[in-house]
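**Q** Sharing my_file.txt here; it has compact mmCIF, C-alpha atoms.
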```txt
# COMPACT_ATOMS: atom_id res chain seq x y z
CA ARG A 1 93.69 88.40 96.06
CA ASP A 2 94.28 92.15 96.27
CA PRO A 3 91.91 93.52 98.96
CA ALA A 4 91.47 96.81 97.08
CA GLN A 5 90.41 94.93 93.96
CA ALA A 6 88.14 92.59 95.94
CA LEU A 7 86.35 95.59 97.48
CA GLY A 8 86.04 97.37 94.14
CA LEU A 9 88.45 100.12 95.12
CA SER A 10 91.05 101.54 92.81
CA GLY A 11 92.95 104.77 92.74
CA LEU A 12 92.95 105.31 96.50
CA GLY A 13 96.49 106.63 96.35
CA GLN A 14 99.65 105.19 97.76
CA ASP A 15 99.23 107.04 101.07
CA ILE A 16 96.27 104.86 102.03
CA GLN A 17 97.06 101.39 103.30
CA ILE A 18 94.58 98.54 103.17
CA LEU A 19 95.17 95.94 105.88
CA VAL A 20 93.42 92.57 106.06
CA ARG A 21 93.20 91.44 109.68
CA ASP A 22 91.28 88.92 111.75
CA GLU A 23 88.97 91.70 112.95
CA GLY A 24 88.18 92.86 109.40
CA VAL A 25 89.58 95.05 106.65
CA SER A 26 91.17 98.33 107.71
CA PHE A 27 92.01 101.48 105.81
CA ARG A 28 94.89 103.44 107.35
CA ILE A 29 94.80 107.06 106.20
CA PRO A 30 97.35 109.70 107.22
CA SER A 31 95.67 112.63 108.98
CA GLU A 32 97.30 115.05 106.51
CA VAL A 33 95.25 113.43 103.72
CA LEU A 34 91.99 114.24 105.54
CA PHE A 35 92.54 117.30 107.75
CA ALA A 36 94.50 120.51 108.05
CA SER A 37 97.01 120.51 110.91
CA GLY A 38 95.29 120.74 114.31
CA GLU A 39 91.80 120.67 112.74
CA ALA A 40 88.94 118.17 112.72
CA VAL A 41 86.98 119.42 109.71
CA LEU A 42 87.47 117.21 106.66
CA THR A 43 89.17 119.05 103.81
CA PRO A 44 87.68 118.81 100.30
CA ALA A 45 90.41 116.27 99.47
CA GLY A 46 89.56 114.37 102.67
CA LEU A 47 85.87 114.28 101.77
CA ALA A 48 86.82 112.85 98.37
CA VAL A 49 88.92 110.10 99.97
CA ILE A 50 86.10 109.07 102.32
CA ASP A 51 83.64 109.14 99.41
CA GLN A 52 85.91 106.74 97.48
CA LEU A 53 85.56 104.23 100.32
CA LEU A 54 81.74 104.35 100.37
CA PRO A 55 81.23 101.64 97.70
CA ALA A 56 83.23 99.17 99.81
CA PHE A 57 81.19 100.04 102.90
CA ASN A 58 77.95 99.62 100.95
CA ARG A 59 79.08 96.23 99.57
CA LEU A 60 79.20 94.88 103.13
CA PRO A 61 75.98 96.18 104.72
CA ASP A 62 76.19 93.84 107.73
CA TYR A 63 79.64 95.11 108.72
CA THR A 64 80.23 97.78 111.35
CA VAL A 65 82.31 100.76 110.22
CA VAL A 66 84.72 101.56 113.05
CA VAL A 67 86.54 104.90 112.77
CA GLU A 68 89.56 105.51 115.00
CA GLY A 69 91.38 108.82 115.37
CA HIS A 70 95.08 108.77 116.32
CA THR A 71 97.58 111.56 117.03
CA ASP A 72 101.28 111.88 117.70
CA ASN A 73 102.52 112.79 121.17
CA VAL A 74 103.02 116.52 120.51
CA PRO A 75 100.62 118.25 122.92
CA ILE A 76 97.83 120.36 121.48
CA GLN A 77 96.12 122.95 123.64
CA THR A 78 93.56 125.11 121.92
CA ALA A 79 90.16 126.39 122.99
CA ARG A 80 88.51 123.66 120.91
CA PHE A 81 90.99 120.86 121.64
CA PRO A 82 92.47 120.99 125.15
CA SER A 83 94.38 117.76 124.43
CA ASN A 84 95.05 115.12 121.78
CA TRP A 85 92.14 113.12 123.19
CA GLU A 86 89.63 115.70 121.99
CA LEU A 87 91.36 116.14 118.63
CA SER A 88 91.49 112.40 117.89
CA ALA A 89 87.85 111.88 118.94
CA ALA A 90 86.68 114.92 116.94
CA ARG A 91 88.45 113.66 113.82
CA ALA A 92 86.86 110.22 114.15
CA SER A 93 83.46 111.86 114.74
CA SER A 94 83.90 114.09 111.71
CA VAL A 95 84.42 111.05 109.48
CA VAL A 96 81.43 109.27 111.03
CA ARG A 97 79.19 112.31 110.53
CA HIS A 98 80.22 112.48 106.88
CA LEU A 99 79.50 108.77 106.37
CA GLU A 100 76.07 109.19 107.94
CA ALA A 101 75.40 112.22 105.72
CA ARG A 102 76.28 110.04 102.72
CA GLY A 103 73.60 107.53 103.70
CA LEU A 104 75.32 104.95 105.90
CA ASN A 105 73.02 103.66 108.61
CA PRO A 106 74.18 105.26 111.89
CA THR A 107 73.68 101.92 113.69
CA ARG A 108 76.66 100.62 111.66
CA LEU A 109 78.99 103.43 112.77
CA ARG A 110 81.37 103.75 115.71
CA ALA A 111 83.89 106.54 116.43
CA THR A 112 86.78 106.30 118.89
CA GLY A 113 89.62 108.64 119.76
CA TYR A 114 92.89 107.11 120.93
CA ALA A 115 95.09 110.25 121.11
CA ASP A 116 98.72 109.08 121.15
CA THR A 117 98.13 105.78 122.99
CA ARG A 118 98.53 103.45 119.98
CA PRO A 119 101.57 104.65 118.03
CA LEU A 120 102.82 102.82 114.95
CA ALA A 121 106.31 104.30 115.26
CA PRO A 122 108.42 106.10 117.86
CA ASN A 123 107.47 109.77 118.21
CA ASP A 124 111.11 110.92 118.27
CA THR A 125 111.33 111.83 114.56
CA PRO A 126 109.09 113.86 112.24
CA GLN A 127 108.57 110.70 110.12
CA GLY A 128 107.49 108.67 113.15
CA ARG A 129 105.09 111.36 114.31
CA ALA A 130 103.62 111.58 110.79
CA LEU A 131 102.96 107.81 110.80
CA ASN A 132 101.18 108.09 114.13
CA ARG A 133 98.82 110.88 112.99
CA ARG A 134 96.16 108.88 111.21
CA VAL A 135 92.57 107.75 110.92
CA GLU A 136 91.91 104.04 110.68
CA ILE A 137 88.58 102.82 109.35
CA THR A 138 87.84 99.14 109.90
CA LEU A 139 85.06 97.11 108.34
CA GLU A 140 84.25 94.82 111.24
CA PRO A 141 82.31 91.64 110.37
CA PRO A 142 79.09 90.87 112.20
CA VAL A 143 79.37 88.81 115.35
CA ARG A 144 78.16 85.30 114.70
CA PRO A 145 76.10 83.71 117.47
CA ARG A 146 77.83 80.80 119.19
CA ASN A 147 76.04 77.47 119.33
```
Using structure tokens, write down the structure from this file.
**A**
Amino acid sequence: RDPAQALGLSGLGQDIQILVRDEGVSFRIPSEVLFASGEAVLTPAGLAVIDQLLPAFNRLPDYTVVVEGHTDNVPIQTARFPSNWELSAARASSVVRHLEARGLNPTRLRATGYADTRPLAPNDTPQGRALNRRVEITLEPPVRPRN
């Protein structure tokens, strides 16, 4: 069954990938869909994308919502973001803050920044770097006690 249909999601756009994994369902969103270059404030379009995912998050209230920020390997050095570590963590935190503002229980939320340590593609082409700049949101099922 189509995971988007099962979660009641339609019209997410072809840029957003839905991945079904052992550790849950993940939404892979290119950073350009959510943020301006080098920024960690969600754009109006980015806010709309996150808001489209809310019904799926609310359908699974026992699941943890794990938000991961990822960058390419091009160094950033600004007053706000001395490295890609700060940028990736700030982007993940920005998404988490928005989800909390929209009513998700903060005990369900987790934000992590990975900088350029988990690339999907080589960083030696513009296309590869674009694939690596992303936010991944995973609906992680509750841990079942072992008997």
**Q** Pick out the residues sitting within 10 Å of A:Pro44, and hand them over as a list in words; count only C-alpha atoms, and ignore anything fewer than 3 positions along from it in its own chain.
**A** Val33, Leu34, Phe35, Val41, Leu47, Ala48 and Val49 of chain A
**Q** Using 9 Å as the limit and counting only C-alpha atoms, can you tabulate each residue of stretch 56-140 of chain A that touches stretch 21-25 of chain A, with its shortest atom-to-atom distance in Å and the two atoms involved, as CSV?
**A**
```
residue,atom,partner,partner_atom,distance
A:Tyr63,CA,A:Gly24,CA,8.9
A:Ile137,CA,A:Val25,CA,8.3
A:Thr138,CA,A:Val25,CA,5.5
A:Leu139,CA,A:Val25,CA,5.2
A:Glu140,CA,A:Gly24,CA,4.8
```
**Q** Emit the selected residues as a PDB file, in the coordinates of the input, including C-alpha atoms.
**A**
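To be explicit, this is the file written out as again_2.pdb:
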```
ATOM      1  CA  TYR A  63      79.640  95.110 108.720  1.00  0.00           C
ATOM      2  CA  ILE A 137      88.580 102.820 109.350  1.00  0.00           C
ATOM      3  CA  THR A 138      87.840  99.140 109.900  1.00  0.00           C
ATOM      4  CA  LEU A 139      85.060  97.110 108.340  1.00  0.00           C
ATOM      5  CA  GLU A 140      84.250  94.820 111.240  1.00  0.00           C
TER       6      GLU A 140
END
```
**Q** What is the distance, in Å and to one decimal place, between atom CA of A:Glu136 and atom CA of A:Thr43?
**A** 16.7 Å
**Q** Measuring between all atoms listed in the file, which one of A:Arg146, A:Asn73, A:Ala89, A:His98 shows the shortest distance to A:Pro119?
**A**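 Answer, going by the shortest atom-to-atom distance: A:Asn73.
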**Q** Of the candidates A:Thr107, A:Asn123, A:Gly113, A:Phe81, which shows the shortest atom-to-atom distance to A:Ser93, using all atoms listed in the file?
**A**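 Closest residue, counting all atoms listed in the file: A:Gly113.
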**Q** State, in Å with one decimal place, the distance from atom CA of A:Phe57 to atom CA of A:His70.
**A**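 Here the two named atoms are 21.2 Å from each other.
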**Q** Excluding A:Ile29 and residues on its chain fewer than 5 positions from it, collect all residues at most 7 Å away from it, counting all atoms listed in the file, and give them as a list in words.
**A**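 Near neighbours after the sequence-gap exclusion: Asp15, Ile16, Gln17, Arg134, Val135 and Glu136 of chain A.
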**Q** Could you give me, as a list in words, the residues within 10 Å of A:Pro122, counting only C-alpha atoms and dropping anything in the same chain fewer than 4 positions from it?
**A** Asp72, Asn73, Pro126, Gln127, Gly128, Arg129, Leu131 and Asn132 of chain A
**Q** What is the distance, in Å and to one decimal place, between atom CA of A:Leu109 and atom CA of A:Val96?
**A**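 Spanning atom CA of A:Leu109 to atom CA of A:Val96 is a straight-line distance of 6.6 Å.
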**Q** Pick out the closest residue to A:Glu32 from this set: A:Thr71, A:Asn58, A:Asp51, A:Arg97. Count only C-alpha atoms.
**A** A:Thr71
